[in-house]
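This report concerns only the one structure given below.
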Amino acid sequence: QERKGTHWPCHRSPLQAPALSAGHWARAARPRAAAPSRRAARVRAPTGAMEAVRPFARVPKMSVRSLTDDRMEFVLSQTDTSVANALRRTMIAEVATIAVDLVEMETNSSALNDEFIAHRLGLVPLLSSAVGQMELARDTDAEDDEWPAGVPFELHVKNTGDQPLDVTSRDLVNKGQNDLQRSVVPVDNANSSSAGILIAKLGRNQEIKLRCIARKGIGKDHAKWNPTATVVYQFKPTININDALVATLSLREKQAYIESWTAKPDRPVVRLNQQTGAIDVVDAEAYNYDEEEKLWAEENGKAGLAEVVQSQDTFIFTVESTGVLPPEVIVLSAIDSLEAKLSGLVNSMNMWGNNVVQ
């Protein structure tokens, strides 16, 4: 049945919602919530006050190890697990990006219903370099397809042949009116060798015609706004070899023990020193905490051959981007978000008379 003005969230199963008739809007995300503005003043707490509260406070340090277009590895030190995990979660859930949020289906004779296609469009990653100049839809009076509220797209594909036809992200046509709007395109469009992200397949005489609007959002509202493919960290390990116990091993036992350590052929954790016969640590960070070496030592009556200690204040981060933002921008944006939240907390405490120093 026709239901005018109904907006369907993308996380609802197609079986739970009736198909929309032509010309109606289908949501490619969760319904708009009447949430307060997230824009908050960033006021720094007095440095002297914070030093008086925690004169022993540590200052976290970051060291970048490697950086590519879509991957970044860095070391976060002089802090604890709560800060490391807060940074990881913020990168996933609090960094704003751009994704398709509204879909108006004009014609759809494909095998997929309207909500299914709307959901797939929402998960197409879009270049979000202009997200800093956009506003959340609830924070602006601009129309949905106007800047800075949104970016309009159109898609029209009809299969006039006998073979199945792929509808991909390359068929999305940006209808923006300014350079900032036109900069928002699917990430695969920059790669000429890519066929694009598959959205649907059309049989003979099947057709899809729609308009959609991309909006600014964060991963906490919907996963399609998550800018990361992977964000992980591990504790920096320290490996202490018991040289006295190693000296009791035969050459064959030493070789077997070394094999129990090796998690990756190209990154051995330990190796045999041919001159001294000792076992030296080569790359402690290649250790994957599977404790295979511990099991080997216990099974062969040599418990205590080595001790692996996790550093509780040093973390090795790996950040992989979906391509919507460079990984370094994701990290810096997450730090800014954390700083703004902490500043807001200090301001709220002071507003209600709870002096931070006290």
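For the structure tokens, the naming scheme is as follows: chains receive sequential letters (A, B, ...) according to their order of presentation, residues are indexed from 1 within each chain, and ligands are indexed from 1 in presentation order.
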
Item to complete: Determine which residues of region 80-126 of chain A receive a DSSP assignment of strand (DSSP E), computed from the backbone, and state them as a list in words.
Response: Thr97, Ile98, Ala99, Val100, Asp101, Leu102, Val103, Glu104, Met105, Glu106, Thr107 and Asn108 of chain A

Export, as a PDB file, in the first residue's frame, the selected residues with N, CA and C atoms.
```pdb
ATOM      1  N   THR A  97      31.966  11.715   8.217  1.00  0.00           N
ATOM      2  CA  THR A  97      32.185  11.458   6.788  1.00  0.00           C
ATOM      3  C   THR A  97      30.890  11.767   6.044  1.00  0.00           C
ATOM      4  N   ILE A  98      30.873  11.483   4.744  1.00  0.00           N
ATOM      5  CA  ILE A  98      29.703  11.720   3.899  1.00  0.00           C
ATOM      6  C   ILE A  98      29.239  10.395   3.313  1.00  0.00           C
ATOM      7  N   ALA A  99      27.934  10.136   3.364  1.00  0.00           N
ATOM      8  CA  ALA A  99      27.376   8.905   2.794  1.00  0.00           C
ATOM      9  C   ALA A  99      25.947   9.164   2.345  1.00  0.00           C
ATOM     10  N   VAL A 100      25.470   8.358   1.417  1.00  0.00           N
ATOM     11  CA  VAL A 100      24.094   8.487   0.924  1.00  0.00           C
ATOM     12  C   VAL A 100      23.125   8.225   2.068  1.00  0.00           C
ATOM     13  N   ASP A 101      22.191   9.168   2.259  1.00  0.00           N
ATOM     14  CA  ASP A 101      21.266   9.074   3.389  1.00  0.00           C
ATOM     15  C   ASP A 101      19.801   9.037   2.964  1.00  0.00           C
ATOM     16  N   LEU A 102      19.470   9.629   1.830  1.00  0.00           N
ATOM     17  CA  LEU A 102      18.096   9.616   1.331  1.00  0.00           C
ATOM     18  C   LEU A 102      18.081   9.125  -0.110  1.00  0.00           C
ATOM     19  N   VAL A 103      17.120   8.293  -0.438  1.00  0.00           N
ATOM     20  CA  VAL A 103      16.991   7.761  -1.802  1.00  0.00           C
ATOM     21  C   VAL A 103      15.543   7.909  -2.255  1.00  0.00           C
ATOM     22  N   GLU A 104      15.332   8.571  -3.395  1.00  0.00           N
ATOM     23  CA  GLU A 104      14.006   8.704  -3.990  1.00  0.00           C
ATOM     24  C   GLU A 104      13.947   7.802  -5.223  1.00  0.00           C
ATOM     25  N   MET A 105      13.193   6.734  -5.121  1.00  0.00           N
ATOM     26  CA  MET A 105      13.115   5.763  -6.197  1.00  0.00           C
ATOM     27  C   MET A 105      12.004   6.146  -7.171  1.00  0.00           C
ATOM     28  N   GLU A 106      12.376   6.399  -8.423  1.00  0.00           N
ATOM     29  CA  GLU A 106      11.386   6.743  -9.451  1.00  0.00           C
ATOM     30  C   GLU A 106      10.944   5.495 -10.211  1.00  0.00           C
ATOM     31  N   THR A 107      11.918   4.668 -10.607  1.00  0.00           N
ATOM     32  CA  THR A 107      11.609   3.426 -11.323  1.00  0.00           C
ATOM     33  C   THR A 107      12.523   2.328 -10.810  1.00  0.00           C
ATOM     34  N   ASN A 108      11.939   1.174 -10.514  1.00  0.00           N
ATOM     35  CA  ASN A 108      12.736   0.030 -10.083  1.00  0.00           C
ATOM     36  C   ASN A 108      12.032  -1.256 -10.507  1.00  0.00           C
TER      37      ASN A 108
END
```

Worksheet item: Between A:Glu320, A:Asp171, A:Glu299, A:Glu143, which one has atoms that come closest to Leu121 (chain A), using only C-alpha atoms?
Response: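 Using only C-alpha atoms, Leu121 (chain A) sits closest to A:Asp171.
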
Worksheet item: Leaving out Ala214 (chain A) and any residue of its chain fewer than 5 positions from it, which residues lie within 12 Å of it when counting only C-alpha atoms, given as a VMD selection string?
Response: chain A and resid 27 to 29 97 to 104 118 121 to 128 131 134 to 137 144 to 154 172 174 to 176 181 to 182 184 to 186 224 to 225

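Across the structure, CA of Leu155 (chain A) and CA of His222 (chain A) are spaced 23.0 Å apart.
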
Worksheet entry | Distance criterion (only C-alpha atoms): nearest to Asn85 (chain A) out of A:Leu245, A:Leu338, A:Ile279, A:Val346 |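 Selected residue with least distance to Asn85 (chain A): A:Leu338.
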
Worksheet item: Between A:Val83, A:Ala130, A:Ala96, A:Ala334, which is the closest to Leu180 (chain A) once you count only C-alpha atoms?
Response: A:Ala130

Discussion item. So, with only C-alpha atoms as the atoms that count, which of A:Ala229, A:Glu94, A:Asp139, A:Asp162 lies closest to Lys341 (chain A)?
Written reply: A:Glu94

Practice prompt. Please provide as a PyMOL selection string all residues within 12 Å of Ala86 (chain A), with the sequence filter that same-chain residues fewer than 6 positions apart are discarded (counting only C-alpha atoms).
Written response: chain A and resi 79-80+92-94+231-233+331+334-335+337-339+341-342

Worksheet item: What is the CA of Thr168 (chain A)-CA of Gly217 (chain A) distance in Å, reported with one decimal?
Response: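 These two atoms are separated by 23.1 Å.
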
Env of Ile239 (chain A): 12 Å cut, atoms = only C-alpha atoms, seq-sep filter 6 positions within chain, self excluded. Answer as a PDB file with all heavy atoms, in the first residue's frame.
```pdb
ATOM      1  N   TRP A 261      58.185 -20.175  17.969  1.00  0.00           N
ATOM      2  CA  TRP A 261      58.030 -18.735  18.094  1.00  0.00           C
ATOM      3  C   TRP A 261      57.590 -18.081  16.781  1.00  0.00           C
ATOM      4  O   TRP A 261      56.914 -17.055  16.794  1.00  0.00           O
ATOM      5  CB  TRP A 261      59.376 -18.094  18.486  1.00  0.00           C
ATOM      6  CG  TRP A 261      59.711 -18.156  19.952  1.00  0.00           C
ATOM      7  CD1 TRP A 261      60.438 -19.118  20.577  1.00  0.00           C
ATOM      8  CD2 TRP A 261      59.344 -17.211  20.956  1.00  0.00           C
ATOM      9  NE1 TRP A 261      60.556 -18.838  21.920  1.00  0.00           N
ATOM     10  CE2 TRP A 261      59.894 -17.659  22.176  1.00  0.00           C
ATOM     11  CE3 TRP A 261      58.618 -16.036  20.943  1.00  0.00           C
ATOM     12  CZ2 TRP A 261      59.717 -16.977  23.374  1.00  0.00           C
ATOM     13  CZ3 TRP A 261      58.459 -15.343  22.128  1.00  0.00           C
ATOM     14  CH2 TRP A 261      58.997 -15.807  23.329  1.00  0.00           C
ATOM     15  N   VAL A 269      60.526 -14.017  15.231  1.00  0.00           N
ATOM     16  CA  VAL A 269      60.562 -13.378  16.550  1.00  0.00           C
ATOM     17  C   VAL A 269      61.941 -13.553  17.181  1.00  0.00           C
ATOM     18  O   VAL A 269      62.524 -12.602  17.732  1.00  0.00           O
ATOM     19  CB  VAL A 269      59.470 -13.965  17.469  1.00  0.00           C
ATOM     20  CG1 VAL A 269      59.501 -13.293  18.842  1.00  0.00           C
ATOM     21  CG2 VAL A 269      58.096 -13.809  16.829  1.00  0.00           C
ATOM     22  N   VAL A 270      62.472 -14.772  17.123  1.00  0.00           N
ATOM     23  CA  VAL A 270      63.793 -15.064  17.696  1.00  0.00           C
ATOM     24  C   VAL A 270      64.625 -15.825  16.665  1.00  0.00           C
ATOM     25  O   VAL A 270      64.089 -16.356  15.688  1.00  0.00           O
ATOM     26  CB  VAL A 270      63.666 -15.896  18.996  1.00  0.00           C
ATOM     27  CG1 VAL A 270      62.948 -15.116  20.085  1.00  0.00           C
ATOM     28  CG2 VAL A 270      62.956 -17.220  18.723  1.00  0.00           C
ATOM     29  N   ILE A 279      69.858 -17.926  22.091  1.00  0.00           N
ATOM     30  CA  ILE A 279      68.687 -17.543  21.315  1.00  0.00           C
ATOM     31  C   ILE A 279      68.470 -16.050  21.507  1.00  0.00           C
ATOM     32  O   ILE A 279      68.255 -15.578  22.627  1.00  0.00           O
ATOM     33  CB  ILE A 279      67.442 -18.343  21.747  1.00  0.00           C
ATOM     34  CG1 ILE A 279      67.629 -19.827  21.415  1.00  0.00           C
ATOM     35  CG2 ILE A 279      66.189 -17.803  21.064  1.00  0.00           C
ATOM     36  CD1 ILE A 279      66.470 -20.705  21.853  1.00  0.00           C
ATOM     37  N   ASP A 280      68.542 -15.289  20.412  1.00  0.00           N
ATOM     38  CA  ASP A 280      68.414 -13.834  20.457  1.00  0.00           C
ATOM     39  C   ASP A 280      67.033 -13.403  19.976  1.00  0.00           C
ATOM     40  O   ASP A 280      66.454 -14.017  19.073  1.00  0.00           O
ATOM     41  CB  ASP A 280      69.476 -13.168  19.585  1.00  0.00           C
ATOM     42  CG  ASP A 280      70.889 -13.480  20.054  1.00  0.00           C
ATOM     43  OD1 ASP A 280      71.058 -13.733  21.268  1.00  0.00           O
ATOM     44  OD2 ASP A 280      71.811 -13.491  19.206  1.00  0.00           O
ATOM     45  N   VAL A 281      66.529 -12.322  20.576  1.00  0.00           N
ATOM     46  CA  VAL A 281      65.258 -11.731  20.152  1.00  0.00           C
ATOM     47  C   VAL A 281      65.519 -10.842  18.947  1.00  0.00           C
ATOM     48  O   VAL A 281      66.335  -9.918  19.003  1.00  0.00           O
ATOM     49  CB  VAL A 281      64.613 -10.926  21.288  1.00  0.00           C
ATOM     50  CG1 VAL A 281      63.311 -10.283  20.806  1.00  0.00           C
ATOM     51  CG2 VAL A 281      64.350 -11.818  22.497  1.00  0.00           C
ATOM     52  N   VAL A 282      64.807 -11.115  17.835  1.00  0.00           N
ATOM     53  CA  VAL A 282      64.994 -10.352  16.600  1.00  0.00           C
ATOM     54  C   VAL A 282      63.918  -9.288  16.450  1.00  0.00           C
ATOM     55  O   VAL A 282      64.204  -8.120  16.200  1.00  0.00           O
ATOM     56  CB  VAL A 282      64.971 -11.287  15.372  1.00  0.00           C
ATOM     57  CG1 VAL A 282      65.142 -10.495  14.085  1.00  0.00           C
ATOM     58  CG2 VAL A 282      66.056 -12.336  15.500  1.00  0.00           C
ATOM     59  N   ASP A 283      62.666  -9.672  16.584  1.00  0.00           N
ATOM     60  CA  ASP A 283      61.538  -8.753  16.381  1.00  0.00           C
ATOM     61  C   ASP A 283      60.441  -9.119  17.368  1.00  0.00           C
ATOM     62  O   ASP A 283      59.577  -9.945  17.082  1.00  0.00           O
ATOM     63  CB  ASP A 283      61.037  -8.846  14.941  1.00  0.00           C
ATOM     64  CG  ASP A 283      59.981  -7.802  14.621  1.00  0.00           C
ATOM     65  OD1 ASP A 283      59.615  -7.030  15.528  1.00  0.00           O
ATOM     66  OD2 ASP A 283      59.519  -7.747  13.461  1.00  0.00           O
ATOM     67  N   ALA A 284      60.462  -8.486  18.532  1.00  0.00           N
ATOM     68  CA  ALA A 284      59.479  -8.808  19.568  1.00  0.00           C
ATOM     69  C   ALA A 284      58.059  -8.465  19.130  1.00  0.00           C
ATOM     70  O   ALA A 284      57.098  -9.144  19.512  1.00  0.00           O
ATOM     71  CB  ALA A 284      59.827  -8.063  20.860  1.00  0.00           C
ATOM     72  N   GLU A 285      57.900  -7.446  18.291  1.00  0.00           N
ATOM     73  CA  GLU A 285      56.564  -7.015  17.885  1.00  0.00           C
ATOM     74  C   GLU A 285      55.898  -7.984  16.906  1.00  0.00           C
ATOM     75  O   GLU A 285      54.700  -7.883  16.652  1.00  0.00           O
ATOM     76  CB  GLU A 285      56.634  -5.621  17.286  1.00  0.00           C
ATOM     77  CG  GLU A 285      57.039  -4.569  18.302  1.00  0.00           C
ATOM     78  CD  GLU A 285      57.187  -3.205  17.681  1.00  0.00           C
ATOM     79  OE1 GLU A 285      56.760  -3.038  16.521  1.00  0.00           O
ATOM     80  OE2 GLU A 285      57.724  -2.301  18.352  1.00  0.00           O
ATOM     81  N   ALA A 286      56.670  -8.915  16.353  1.00  0.00           N
ATOM     82  CA  ALA A 286      56.079  -9.921  15.470  1.00  0.00           C
ATOM     83  C   ALA A 286      55.379 -11.026  16.257  1.00  0.00           C
ATOM     84  O   ALA A 286      54.680 -11.864  15.688  1.00  0.00           O
ATOM     85  CB  ALA A 286      57.153 -10.537  14.575  1.00  0.00           C
ATOM     86  N   TYR A 287      55.568 -11.025  17.580  1.00  0.00           N
ATOM     87  CA  TYR A 287      54.941 -12.051  18.421  1.00  0.00           C
ATOM     88  C   TYR A 287      53.427 -11.841  18.430  1.00  0.00           C
ATOM     89  O   TYR A 287      52.935 -10.728  18.608  1.00  0.00           O
ATOM     90  CB  TYR A 287      55.494 -11.956  19.841  1.00  0.00           C
ATOM     91  CG  TYR A 287      54.922 -12.977  20.803  1.00  0.00           C
ATOM     92  CD1 TYR A 287      55.095 -14.326  20.582  1.00  0.00           C
ATOM     93  CD2 TYR A 287      54.209 -12.574  21.925  1.00  0.00           C
ATOM     94  CE1 TYR A 287      54.580 -15.261  21.457  1.00  0.00           C
ATOM     95  CE2 TYR A 287      53.687 -13.499  22.820  1.00  0.00           C
ATOM     96  CZ  TYR A 287      53.875 -14.844  22.575  1.00  0.00           C
ATOM     97  OH  TYR A 287      53.357 -15.775  23.445  1.00  0.00           O
ATOM     98  N   TYR A 289      51.191 -13.515  20.482  1.00  0.00           N
ATOM     99  CA  TYR A 289      50.579 -13.889  21.760  1.00  0.00           C
ATOM    100  C   TYR A 289      49.799 -15.208  21.689  1.00  0.00           C
ATOM    101  O   TYR A 289      48.780 -15.377  22.361  1.00  0.00           O
ATOM    102  CB  TYR A 289      49.653 -12.771  22.270  1.00  0.00           C
ATOM    103  CG  TYR A 289      50.383 -11.501  22.617  1.00  0.00           C
ATOM    104  CD1 TYR A 289      50.429 -10.438  21.722  1.00  0.00           C
ATOM    105  CD2 TYR A 289      51.031 -11.353  23.834  1.00  0.00           C
ATOM    106  CE1 TYR A 289      51.100  -9.262  22.033  1.00  0.00           C
ATOM    107  CE2 TYR A 289      51.708 -10.178  24.161  1.00  0.00           C
ATOM    108  CZ  TYR A 289      51.736  -9.152  23.255  1.00  0.00           C
ATOM    109  OH  TYR A 289      52.411  -7.985  23.565  1.00  0.00           O
ATOM    110  N   GLU A 293      55.199 -21.073  22.109  1.00  0.00           N
ATOM    111  CA  GLU A 293      56.533 -21.315  22.680  1.00  0.00           C
ATOM    112  C   GLU A 293      56.440 -21.751  24.141  1.00  0.00           C
ATOM    113  O   GLU A 293      57.216 -22.583  24.610  1.00  0.00           O
ATOM    114  CB  GLU A 293      57.395 -20.045  22.525  1.00  0.00           C
ATOM    115  CG  GLU A 293      57.191 -18.977  23.572  1.00  0.00           C
ATOM    116  CD  GLU A 293      55.816 -18.316  23.515  1.00  0.00           C
ATOM    117  OE1 GLU A 293      55.176 -18.381  22.451  1.00  0.00           O
ATOM    118  OE2 GLU A 293      55.400 -17.712  24.521  1.00  0.00           O
ATOM    119  N   GLY A 304      59.644 -21.927  31.650  1.00  0.00           N
ATOM    120  CA  GLY A 304      60.403 -20.751  32.053  1.00  0.00           C
ATOM    121  C   GLY A 304      61.513 -20.386  31.100  1.00  0.00           C
ATOM    122  O   GLY A 304      62.383 -19.571  31.439  1.00  0.00           O
ATOM    123  N   LEU A 305      61.518 -20.958  29.881  1.00  0.00           N
ATOM    124  CA  LEU A 305      62.555 -20.624  28.911  1.00  0.00           C
ATOM    125  C   LEU A 305      62.521 -19.146  28.511  1.00  0.00           C
ATOM    126  O   LEU A 305      63.546 -18.560  28.207  1.00  0.00           O
ATOM    127  CB  LEU A 305      62.389 -21.482  27.654  1.00  0.00           C
ATOM    128  CG  LEU A 305      63.126 -22.826  27.625  1.00  0.00           C
ATOM    129  CD1 LEU A 305      62.737 -23.609  26.383  1.00  0.00           C
ATOM    130  CD2 LEU A 305      64.631 -22.625  27.676  1.00  0.00           C
ATOM    131  N   ALA A 306      61.329 -18.572  28.516  1.00  0.00           N
ATOM    132  CA  ALA A 306      61.193 -17.163  28.144  1.00  0.00           C
ATOM    133  C   ALA A 306      60.008 -16.556  28.868  1.00  0.00           C
ATOM    134  O   ALA A 306      59.059 -17.256  29.261  1.00  0.00           O
ATOM    135  CB  ALA A 306      61.032 -17.011  26.637  1.00  0.00           C
ATOM    136  N   GLU A 307      60.048 -15.246  29.024  1.00  0.00           N
ATOM    137  CA  GLU A 307      58.960 -14.493  29.649  1.00  0.00           C
ATOM    138  C   GLU A 307      58.572 -13.356  28.719  1.00  0.00           C
ATOM    139  O   GLU A 307      59.419 -12.585  28.268  1.00  0.00           O
ATOM    140  CB  GLU A 307      59.396 -13.939  31.001  1.00  0.00           C
ATOM    141  CG  GLU A 307      58.312 -13.133  31.705  1.00  0.00           C
ATOM    142  CD  GLU A 307      58.810 -12.479  32.976  1.00  0.00           C
ATOM    143  OE1 GLU A 307      60.041 -12.335  33.118  1.00  0.00           O
ATOM    144  OE2 GLU A 307      57.967 -12.090  33.813  1.00  0.00           O
ATOM    145  N   VAL A 308      57.271 -13.284  28.431  1.00  0.00           N
ATOM    146  CA  VAL A 308      56.751 -12.218  27.570  1.00  0.00           C
ATOM    147  C   VAL A 308      55.970 -11.251  28.440  1.00  0.00           C
ATOM    148  O   VAL A 308      54.995 -11.627  29.091  1.00  0.00           O
ATOM    149  CB  VAL A 308      55.853 -12.783  26.455  1.00  0.00           C
ATOM    150  CG1 VAL A 308      55.333 -11.642  25.570  1.00  0.00           C
ATOM    151  CG2 VAL A 308      56.615 -13.794  25.612  1.00  0.00           C
ATOM    152  N   VAL A 309      56.408  -9.999  28.454  1.00  0.00           N
ATOM    153  CA  VAL A 309      55.781  -8.973  29.291  1.00  0.00           C
ATOM    154  C   VAL A 309      55.157  -7.919  28.381  1.00  0.00           C
ATOM    155  O   VAL A 309      55.822  -7.391  27.479  1.00  0.00           O
ATOM    156  CB  VAL A 309      56.810  -8.315  30.233  1.00  0.00           C
ATOM    157  CG1 VAL A 309      56.133  -7.241  31.087  1.00  0.00           C
ATOM    158  CG2 VAL A 309      57.482  -9.361  31.100  1.00  0.00           C
ATOM    159  N   GLN A 310      53.882  -7.624  28.613  1.00  0.00           N
ATOM    160  CA  GLN A 310      53.190  -6.592  27.841  1.00  0.00           C
ATOM    161  C   GLN A 310      53.437  -5.228  28.477  1.00  0.00           C
ATOM    162  O   GLN A 310      53.172  -5.037  29.664  1.00  0.00           O
ATOM    163  CB  GLN A 310      51.690  -6.862  27.784  1.00  0.00           C
ATOM    164  CG  GLN A 310      51.312  -8.124  27.038  1.00  0.00           C
ATOM    165  CD  GLN A 310      49.803  -8.323  27.004  1.00  0.00           C
ATOM    166  OE1 GLN A 310      49.063  -7.632  27.692  1.00  0.00           O
ATOM    167  NE2 GLN A 310      49.355  -9.265  26.197  1.00  0.00           N
ATOM    168  N   SER A 311      53.913  -4.298  27.694  1.00  0.00           N
ATOM    169  CA  SER A 311      54.104  -2.936  28.181  1.00  0.00           C
ATOM    170  C   SER A 311      52.741  -2.273  28.336  1.00  0.00           C
ATOM    171  O   SER A 311      51.986  -2.164  27.371  1.00  0.00           O
ATOM    172  CB  SER A 311      54.968  -2.133  27.208  1.00  0.00           C
ATOM    173  OG  SER A 311      55.094  -0.801  27.627  1.00  0.00           O
TER     174      SER A 311
END
```

Discussion item. Just the number, please: distance in Å from CA of Ser321 (chain A) to CA of Asp266 (chain A), one decimal.
Written reply: 24.8 Å

Item to complete: Could you tell me which of A:Asn113, A:Asn300, A:Thr248, A:Asn226 comes closest to Gly323 (chain A) if we count only C-alpha atoms?
Response: A:Asn226
